[in-house]
2 protein chains.
Amino acid sequence: MRFYDISMTIEPSMTVYKNKDSKRPHFLQSASFDQQGVYETDLHVNLHTGTHVDFPLHTIPGGSTSSQERLEDFYGACKVFDFTHLVDHISRDDLEKVAIEKGDFILFKTRNSFVEPFDFDFVYLDKTGAEYLKEKAIRGVGIDTLGIERSQANHPTHDLLLGNGIYILEGLRLALVESGEYTLVALPLKIKDVEASLVRAILIEKE
Amino acid sequence: MRFYDISMTIEPSMTVYKNKDSKRPHFLQSASFDQQGVYETDLHVNLHTGTHVDFPLHTIPGGSTSSQERLEDFYGACKVFDFTHLVDHISRDDLEKVAIEKGDFILFKTRNSFVEPFDFDFVYLDKTGAEYLKEKAIRGVGIDTLGIERSQANHPTHDLLLGNGIYILEGLRLALVESGEYTLVALPLKIKDVEASLVRAILIEKE
């Protein structure tokens, strides 16, 4: 069984959305060998840090949260599509050229996977692409940077996906993964009633 | 495929170790629809909150950390043993009665799984039991409360396990799980160089 770890590492110097300081995780040593006889760490983290899932409440007032997740949706067959030839965004035209079916969990491998510092011009999924995925009724979509859209007023890509029961995985690292079919394991950390959750995501090669 | 979610829910009112306020997670709304057009949450959390894994640095100065984890060890065959008849602790004598083999990941289902508030007299693994697991060279052990030992000076159970490459999963919920063999999926959140990590853990029934 071959594993691909497609998660970002949470650490103080990691890449954060738009390089905002408010998005940076903070670590605090909360117990020491000298004082408590053990070593412990506290973490202060925005739930959209590194590899994470967005739930509807992120962009839709009154939207559903982590507490309504379908855990089975984050474990199962998955298709990775190679869109590394695209420079700016993924649209309906690009998606029509690949085999997307109802219930799929799909991941976009783009040039984002080869960029380490935050790229303000990252490749994103545009509104026409999100409409297509809604029509296809997929179960989830993932992208290899910290956002799935940029420069679209009122975040229609998020709303079209989240408003139609399609989960969004952001912050994947796919540089070492070829296009093809895998098993995705991306169980969200179990946090009550929040709009996003941190995820350790892996792909397992099909046997 | 049948899933058992064996994770605790992270929330402000959750059970924390010895009911200490310093161990309690805190939530902060860090973006709102009115101001940023989206909803976001920050979480401040001790890494030993809810379902988590301990790495050697937790009790062993200079011990290895999350950065040296063997990810494959947190995905695979697992045995759940029913020790609900024990009142105080699990010892070598108890473990000799069940089938434990080299490389196993084993979980202890005890009366802890049926107690919700923190129980200062929780069932734990004593030093003789930890010595036995070291001799057996298992790969990991999990328990259904927030600690794997109590009232043992200098935490010998932790040191015997962590000092010999045996991972410890704490904070499991096993009330609904029967003894038997499963696939365990308990991938730690990917955090750099820490002594513990948060985990979403599930068991999958064997087909």
# chains A, B, ... in the order shown; residues from 1 in each chain; ligands from 1
call {"tool": "residues_around", "arguments": {"residues": "stretch 98-108 of chain A", "least_positions_apart": "2", "cutoff": "7 Å", "atoms": "only C-alpha atoms", "output": "PDB file with N, CA and C atoms, in the first residue's frame"}}
result
ATOM      1  N   ALA A  77     -13.096   6.689  -2.838  1.00  0.00           N
ATOM      2  CA  ALA A  77     -12.528   6.877  -4.172  1.00  0.00           C
ATOM      3  C   ALA A  77     -12.394   8.357  -4.505  1.00  0.00           C
ATOM      4  N   CYS A  78     -11.368   8.665  -5.253  1.00  0.00           N
ATOM      5  CA  CYS A  78     -11.011  10.057  -5.545  1.00  0.00           C
ATOM      6  C   CYS A  78     -10.272  10.108  -6.874  1.00  0.00           C
ATOM      7  N   LYS A  79     -10.501  11.174  -7.632  1.00  0.00           N
ATOM      8  CA  LYS A  79      -9.793  11.350  -8.904  1.00  0.00           C
ATOM      9  C   LYS A  79      -8.930  12.605  -8.851  1.00  0.00           C
ATOM     10  N   VAL A  80      -7.675  12.462  -9.231  1.00  0.00           N
ATOM     11  CA  VAL A  80      -6.780  13.622  -9.331  1.00  0.00           C
ATOM     12  C   VAL A  80      -6.641  13.993 -10.803  1.00  0.00           C
ATOM     13  N   PHE A  81      -6.957  15.249 -11.128  1.00  0.00           N
ATOM     14  CA  PHE A  81      -6.831  15.742 -12.504  1.00  0.00           C
ATOM     15  C   PHE A  81      -5.641  16.687 -12.612  1.00  0.00           C
ATOM     16  N   ASP A  82      -4.884  16.520 -13.670  1.00  0.00           N
ATOM     17  CA  ASP A  82      -3.711  17.361 -13.895  1.00  0.00           C
ATOM     18  C   ASP A  82      -4.118  18.589 -14.714  1.00  0.00           C
ATOM     19  N   PHE A  83      -4.131  19.733 -14.047  1.00  0.00           N
ATOM     20  CA  PHE A  83      -4.414  20.999 -14.730  1.00  0.00           C
ATOM     21  C   PHE A  83      -3.196  21.926 -14.643  1.00  0.00           C
ATOM     22  N   LEU A  95     -13.172  21.571 -17.474  1.00  0.00           N
ATOM     23  CA  LEU A  95     -13.745  20.416 -16.769  1.00  0.00           C
ATOM     24  C   LEU A  95     -14.488  19.485 -17.713  1.00  0.00           C
ATOM     25  N   GLU A  96     -15.053  20.049 -18.761  1.00  0.00           N
ATOM     26  CA  GLU A  96     -15.788  19.214 -19.727  1.00  0.00           C
ATOM     27  C   GLU A  96     -14.868  18.232 -20.451  1.00  0.00           C
ATOM     28  N   THR A 110      -2.523  21.641  -9.885  1.00  0.00           N
ATOM     29  CA  THR A 110      -2.219  22.800 -10.735  1.00  0.00           C
ATOM     30  C   THR A 110      -0.783  23.255 -10.482  1.00  0.00           C
ATOM     31  N   LYS A 136     -22.999  18.378 -12.037  1.00  0.00           N
ATOM     32  CA  LYS A 136     -22.495  17.001 -11.978  1.00  0.00           C
ATOM     33  C   LYS A 136     -22.796  16.337 -10.636  1.00  0.00           C
ATOM     34  N   ALA A 137     -23.142  17.161  -9.621  1.00  0.00           N
ATOM     35  CA  ALA A 137     -23.456  16.644  -8.277  1.00  0.00           C
ATOM     36  C   ALA A 137     -22.325  15.783  -7.718  1.00  0.00           C
ATOM     37  N   ILE A 138     -21.120  16.355  -7.737  1.00  0.00           N
ATOM     38  CA  ILE A 138     -20.001  15.653  -7.094  1.00  0.00           C
ATOM     39  C   ILE A 138     -20.127  15.802  -5.574  1.00  0.00           C
ATOM     40  N   ARG A 139     -19.330  15.000  -4.817  1.00  0.00           N
ATOM     41  CA  ARG A 139     -19.425  15.115  -3.356  1.00  0.00           C
ATOM     42  C   ARG A 139     -18.355  16.021  -2.760  1.00  0.00           C
ATOM     43  N   GLY A 140     -17.267  16.241  -3.471  1.00  0.00           N
ATOM     44  CA  GLY A 140     -16.248  17.122  -2.928  1.00  0.00           C
ATOM     45  C   GLY A 140     -15.214  17.490  -3.967  1.00  0.00           C
ATOM     46  N   VAL A 141     -14.535  18.624  -3.712  1.00  0.00           N
ATOM     47  CA  VAL A 141     -13.491  19.089  -4.620  1.00  0.00           C
ATOM     48  C   VAL A 141     -12.342  19.658  -3.792  1.00  0.00           C
ATOM     49  N   GLY A 142     -11.122  19.371  -4.242  1.00  0.00           N
ATOM     50  CA  GLY A 142      -9.958  19.877  -3.515  1.00  0.00           C
ATOM     51  C   GLY A 142      -9.017  20.605  -4.440  1.00  0.00           C
ATOM     52  N   ILE A 143      -8.277  21.561  -3.876  1.00  0.00           N
ATOM     53  CA  ILE A 143      -7.314  22.335  -4.661  1.00  0.00           C
ATOM     54  C   ILE A 143      -6.016  22.492  -3.884  1.00  0.00           C
ATOM     55  N   ASP A 144      -4.937  22.716  -4.630  1.00  0.00           N
ATOM     56  CA  ASP A 144      -3.597  22.703  -4.064  1.00  0.00           C
ATOM     57  C   ASP A 144      -3.088  24.090  -3.687  1.00  0.00           C
TER      58      ASP A 144
END
call {"tool": "interface_residues", "arguments": {"of": "chain A", "to": "chain B", "cutoff": "8 Å", "atoms": "only C-alpha atoms", "output": "MDAnalysis selection string"}}
result
chainID A and resid 3 7:11 30 33 37:48 57:61 72 154 187:192 194:196 198:200
call {"tool": "write_last_selection", "arguments": {"atoms": "N, CA and C atoms", "output": "tab-separated table (two decimals), in the first residue's frame"}}
result
chain	number	residue	atom	x	y	z
A	3	PHE	N	1.33	5.27	0.26
A	3	PHE	CA	0.70	6.48	0.79
A	3	PHE	C	1.31	7.73	0.18
A	7	SER	N	-0.73	16.75	2.78
A	7	SER	CA	-1.06	17.78	3.77
A	7	SER	C	0.06	18.80	3.89
A	8	MET	N	-0.30	20.02	4.24
A	8	MET	CA	0.68	21.03	4.62
A	8	MET	C	1.09	20.81	6.08
A	9	THR	N	2.29	21.23	6.42
A	9	THR	CA	2.76	21.14	7.80
A	9	THR	C	2.40	22.42	8.55
A	10	ILE	N	1.73	22.28	9.67
A	10	ILE	CA	1.39	23.43	10.51
A	10	ILE	C	2.61	23.81	11.33
A	11	GLU	N	3.12	25.02	11.12
A	11	GLU	CA	4.30	25.51	11.83
A	11	GLU	C	4.29	27.03	11.76
A	30	SER	N	3.16	24.84	27.19
A	30	SER	CA	2.27	25.00	28.35
A	30	SER	C	2.61	24.08	29.51
A	33	PHE	N	9.36	19.97	31.54
A	33	PHE	CA	9.90	18.90	32.39
A	33	PHE	C	10.25	19.44	33.77
A	37	GLY	N	6.95	18.06	34.89
A	37	GLY	CA	7.48	16.72	34.65
A	37	GLY	C	7.15	16.16	33.27
A	38	VAL	N	6.42	16.94	32.47
A	38	VAL	CA	6.10	16.56	31.09
A	38	VAL	C	6.21	17.80	30.19
A	39	TYR	N	6.22	17.55	28.90
A	39	TYR	CA	6.31	18.64	27.92
A	39	TYR	C	4.96	18.72	27.22
A	40	GLU	N	4.37	19.92	27.17
A	40	GLU	CA	3.10	20.09	26.47
A	40	GLU	C	3.08	21.39	25.68
A	41	THR	N	2.30	21.38	24.62
A	41	THR	CA	2.18	22.53	23.73
A	41	THR	C	0.72	22.92	23.56
A	42	ASP	N	0.46	24.23	23.54
A	42	ASP	CA	-0.84	24.75	23.13
A	42	ASP	C	-0.69	25.35	21.73
A	43	LEU	N	-1.74	25.22	20.94
A	43	LEU	CA	-1.73	25.75	19.57
A	43	LEU	C	-2.90	26.71	19.41
A	44	HIS	N	-2.59	27.90	18.88
A	44	HIS	CA	-3.65	28.85	18.52
A	44	HIS	C	-3.69	28.89	16.99
A	45	VAL	N	-4.83	28.51	16.44
A	45	VAL	CA	-4.86	28.29	14.99
A	45	VAL	C	-6.21	28.71	14.40
A	46	ASN	N	-6.16	29.39	13.26
A	46	ASN	CA	-7.36	29.66	12.49
A	46	ASN	C	-7.75	28.35	11.80
A	47	LEU	N	-9.04	28.06	11.74
A	47	LEU	CA	-9.48	26.76	11.21
A	47	LEU	C	-9.32	26.64	9.70
A	48	HIS	N	-8.85	27.70	9.04
A	48	HIS	CA	-8.58	27.65	7.60
A	48	HIS	C	-7.08	27.61	7.34
A	57	LEU	N	-21.27	27.01	6.38
A	57	LEU	CA	-21.32	28.24	7.19
A	57	LEU	C	-20.18	29.21	6.86
A	58	HIS	N	-19.13	28.73	6.23
A	58	HIS	CA	-18.00	29.62	5.92
A	58	HIS	C	-18.44	30.81	5.06
A	59	THR	N	-19.31	30.56	4.07
A	59	THR	CA	-19.72	31.69	3.22
A	59	THR	C	-21.24	31.90	3.18
A	60	ILE	N	-22.01	30.99	3.80
A	60	ILE	CA	-23.47	31.09	3.71
A	60	ILE	C	-24.06	31.29	5.11
A	61	PRO	N	-24.64	32.47	5.37
A	61	PRO	CA	-25.24	32.70	6.70
A	61	PRO	C	-26.27	31.62	7.01
A	72	GLU	N	-18.39	9.70	5.99
A	72	GLU	CA	-18.05	8.76	4.91
A	72	GLU	C	-17.60	9.48	3.65
A	154	ASN	N	-18.28	38.48	-4.02
A	154	ASN	CA	-19.30	37.67	-3.32
A	154	ASN	C	-19.09	36.16	-3.42
A	187	LEU	N	-10.18	12.86	6.88
A	187	LEU	CA	-11.17	13.01	7.95
A	187	LEU	C	-10.96	14.32	8.69
A	188	PRO	N	-11.98	15.15	8.78
A	188	PRO	CA	-11.79	16.42	9.50
A	188	PRO	C	-11.68	16.19	11.02
A	189	LEU	N	-10.85	16.99	11.65
A	189	LEU	CA	-10.79	16.99	13.11
A	189	LEU	C	-12.21	17.22	13.63
A	190	LYS	N	-12.60	16.49	14.69
A	190	LYS	CA	-14.00	16.54	15.14
A	190	LYS	C	-14.22	17.73	16.08
A	191	ILE	N	-14.67	18.83	15.52
A	191	ILE	CA	-14.91	20.05	16.27
A	191	ILE	C	-16.39	20.38	16.13
A	192	LYS	N	-17.01	20.79	17.22
A	192	LYS	CA	-18.46	21.02	17.20
A	192	LYS	C	-18.84	22.31	16.50
A	194	VAL	N	-18.62	24.17	13.69
A	194	VAL	CA	-17.77	25.22	13.12
A	194	VAL	C	-17.86	25.21	11.59
A	195	GLU	N	-17.31	26.27	11.00
A	195	GLU	CA	-17.44	26.49	9.54
A	195	GLU	C	-16.31	25.86	8.73
A	196	ALA	N	-15.34	25.25	9.43
A	196	ALA	CA	-14.19	24.64	8.75
A	196	ALA	C	-13.52	23.72	9.75
A	198	LEU	N	-9.59	21.44	10.44
A	198	LEU	CA	-8.25	21.04	10.05
A	198	LEU	C	-8.28	19.56	9.66
A	199	VAL	N	-7.46	19.20	8.69
A	199	VAL	CA	-7.51	17.85	8.12
A	199	VAL	C	-6.08	17.32	7.89
A	200	ARG	N	-5.84	16.05	8.22
A	200	ARG	CA	-4.66	15.34	7.72
A	200	ARG	C	-5.11	14.51	6.54
call {"tool": "atom_distance", "arguments": {"atom1": "atom CA of A:His158", "atom2": "atom CA of A:Gly129"}}
result
11.2 Å
call {"tool": "atom_distance", "arguments": {"atom1": "atom CA of A:Asn164", "atom2": "atom CA of A:Asp121"}}
result
26.7 Å
call {"tool": "closest_residue", "arguments": {"among": "A:Glu205, A:Ile168, A:Asp94, A:Asp88", "to": "A:Arg150", "atoms": "only C-alpha atoms"}}
result
A:Asp88
call {"tool": "closest_residue", "arguments": {"among": "A:Val177, A:Ile166, A:Leu161, A:Val123", "to": "A:Ile6", "atoms": "only C-alpha atoms"}}
result
A:Val177
call {"tool": "residues_around", "arguments": {"residues": "B:Leu125", "least_positions_apart": "2", "cutoff": "6 Å", "atoms": "only C-alpha atoms", "output": "compact mmCIF listing (two decimals) with C-alpha atoms, in the first residue's frame"}}
result
# COMPACT_ATOMS: atom_id res chain seq x y z
CA HIS B 89 -6.14 -0.92 36.10
CA ILE B 90 -4.85 -3.23 33.36
CA GLY B 129 1.29 -3.99 31.58
CA ILE B 148 -3.07 5.99 29.97
CA GLU B 149 -1.71 6.10 33.51
call {"tool": "select_by_dssp", "arguments": {"residues": "chain A", "states": "strand (DSSP E)", "output": "number ranges by chain"}}
result
A: 3-5, 26-31, 40-46, 52-54, 75-82, 89-90, 105-109, 124-125, 140-143, 167-170, 180-185, 196-198, 202-205
call {"tool": "select_by_dssp", "arguments": {"residues": "stretch 125-199 of chain B", "states": "alpha helix (DSSP H)", "output": "list in words"}}
result
Lys127, Thr128, Gly129, Ala130, Glu131, Tyr132, Leu133, Lys134, Glu135, Lys136, Pro156, Thr157, His158, Asp159, Leu160, Leu161 and Leu162 of chain B
call {"tool": "write_last_selection", "arguments": {"atoms": "N, CA and C atoms", "output": "mmCIF file, in the first residue's frame"}}
result
data_model
loop_
_atom_site.group_PDB
_atom_site.id
_atom_site.type_symbol
_atom_site.label_atom_id
_atom_site.label_comp_id
_atom_site.auth_asym_id
_atom_site.auth_seq_id
_atom_site.Cartn_x
_atom_site.Cartn_y
_atom_site.Cartn_z
ATOM 1 N N LYS B 127 2.428 -0.218 35.155
ATOM 2 C CA LYS B 127 3.816 -0.406 34.703
ATOM 3 C C LYS B 127 4.057 -1.839 34.217
ATOM 4 N N THR B 128 3.486 -2.818 34.901
ATOM 5 C CA THR B 128 3.723 -4.216 34.484
ATOM 6 C C THR B 128 3.088 -4.480 33.115
ATOM 7 N N GLY B 129 1.944 -3.843 32.879
ATOM 8 C CA GLY B 129 1.290 -3.989 31.577
ATOM 9 C C GLY B 129 2.112 -3.340 30.473
ATOM 10 N N ALA B 130 2.669 -2.166 30.765
ATOM 11 C CA ALA B 130 3.494 -1.465 29.770
ATOM 12 C C ALA B 130 4.754 -2.270 29.462
ATOM 13 N N GLU B 131 5.326 -2.895 30.507
ATOM 14 C CA GLU B 131 6.511 -3.743 30.277
ATOM 15 C C GLU B 131 6.170 -4.901 29.342
ATOM 16 N N TYR B 132 5.003 -5.477 29.542
ATOM 17 C CA TYR B 132 4.566 -6.590 28.691
ATOM 18 C C TYR B 132 4.410 -6.133 27.235
ATOM 19 N N LEU B 133 3.816 -4.957 27.029
ATOM 20 C CA LEU B 133 3.631 -4.448 25.656
ATOM 21 C C LEU B 133 4.974 -4.118 25.005
ATOM 22 N N LYS B 134 5.928 -3.681 25.801
ATOM 23 C CA LYS B 134 7.291 -3.446 25.297
ATOM 24 C C LYS B 134 7.907 -4.765 24.825
ATOM 25 N N GLU B 135 7.765 -5.801 25.636
ATOM 26 C CA GLU B 135 8.304 -7.120 25.256
ATOM 27 C C GLU B 135 7.635 -7.628 23.975
ATOM 28 N N LYS B 136 6.353 -7.378 23.853
ATOM 29 C CA LYS B 136 5.617 -7.835 22.672
ATOM 30 C C LYS B 136 5.944 -7.012 21.421
ATOM 31 N N PRO B 156 6.024 5.860 34.528
ATOM 32 C CA PRO B 156 6.736 4.738 33.891
ATOM 33 C C PRO B 156 5.978 4.125 32.710
ATOM 34 N N THR B 157 4.637 4.133 32.753
ATOM 35 C CA THR B 157 3.881 3.558 31.632
ATOM 36 C C THR B 157 4.170 4.333 30.346
ATOM 37 N N HIS B 158 4.090 5.658 30.426
ATOM 38 C CA HIS B 158 4.431 6.471 29.249
ATOM 39 C C HIS B 158 5.866 6.201 28.793
ATOM 40 N N ASP B 159 6.805 6.200 29.739
ATOM 41 C CA ASP B 159 8.215 6.065 29.351
ATOM 42 C C ASP B 159 8.496 4.707 28.725
ATOM 43 N N LEU B 160 7.901 3.659 29.276
ATOM 44 C CA LEU B 160 8.119 2.317 28.716
ATOM 45 C C LEU B 160 7.562 2.217 27.299
ATOM 46 N N LEU B 161 6.410 2.811 27.075
ATOM 47 C CA LEU B 161 5.803 2.761 25.744
ATOM 48 C C LEU B 161 6.534 3.700 24.783
ATOM 49 N N LEU B 162 6.578 4.966 25.119
ATOM 50 C CA LEU B 162 7.158 5.969 24.207
ATOM 51 C C LEU B 162 8.653 5.734 23.993
#
call {"tool": "decode", "arguments": {"residues": "stretch 101-152 of chain B", "atoms": "C-alpha atoms", "output": "compact mmCIF listing (two decimals), in the first residue's frame"}}
result
# COMPACT_ATOMS: atom_id res chain seq x y z
CA GLU B 101 1.33 -10.06 18.70
CA LYS B 102 4.35 -8.12 17.47
CA GLY B 103 3.36 -5.07 15.41
CA ASP B 104 -0.22 -4.93 16.72
CA PHE B 105 -2.10 -1.70 17.33
CA ILE B 106 -4.37 -2.49 20.28
CA LEU B 107 -7.19 -0.52 21.89
CA PHE B 108 -8.50 -1.03 25.41
CA LYS B 109 -12.25 -0.80 25.86
CA THR B 110 -12.85 -0.26 29.57
CA ARG B 111 -15.54 1.12 31.85
CA ASN B 112 -14.02 4.55 31.02
CA SER B 113 -16.01 4.52 27.76
CA PHE B 114 -19.22 4.74 29.78
CA VAL B 115 -18.18 7.66 31.98
CA GLU B 116 -18.68 11.17 30.63
CA PRO B 117 -17.33 13.61 33.27
CA PHE B 118 -13.62 13.22 34.07
CA ASP B 119 -13.09 10.25 36.40
CA PHE B 120 -10.09 10.70 38.70
CA ASP B 121 -10.12 6.92 39.28
CA PHE B 122 -10.10 5.99 35.57
CA VAL B 123 -8.90 2.54 34.54
CA TYR B 124 -5.27 2.80 33.43
CA LEU B 125 -2.41 0.65 32.15
CA ASP B 126 0.03 -0.06 34.95
CA LYS B 127 3.82 -0.41 34.70
CA THR B 128 3.72 -4.22 34.48
CA GLY B 129 1.29 -3.99 31.58
CA ALA B 130 3.49 -1.47 29.77
CA GLU B 131 6.51 -3.74 30.28
CA TYR B 132 4.57 -6.59 28.69
CA LEU B 133 3.63 -4.45 25.66
CA LYS B 134 7.29 -3.45 25.30
CA GLU B 135 8.30 -7.12 25.26
CA LYS B 136 5.62 -7.83 22.67
CA ALA B 137 6.90 -4.94 20.51
CA ILE B 138 3.50 -3.67 19.49
CA ARG B 139 3.28 -0.52 17.35
CA GLY B 140 0.61 1.36 19.28
CA VAL B 141 -1.89 1.27 22.13
CA GLY B 142 -5.06 3.28 22.73
CA ILE B 143 -7.27 3.88 25.73
CA ASP B 144 -10.76 5.28 26.21
CA THR B 145 -9.96 8.17 28.51
CA LEU B 146 -7.64 11.20 28.53
CA GLY B 147 -4.71 9.41 30.16
CA ILE B 148 -3.07 5.99 29.97
CA GLU B 149 -1.71 6.10 33.51
CA ARG B 150 -2.41 7.74 36.87
CA SER B 151 -0.85 7.74 40.33
CA GLN B 152 2.42 6.24 39.15
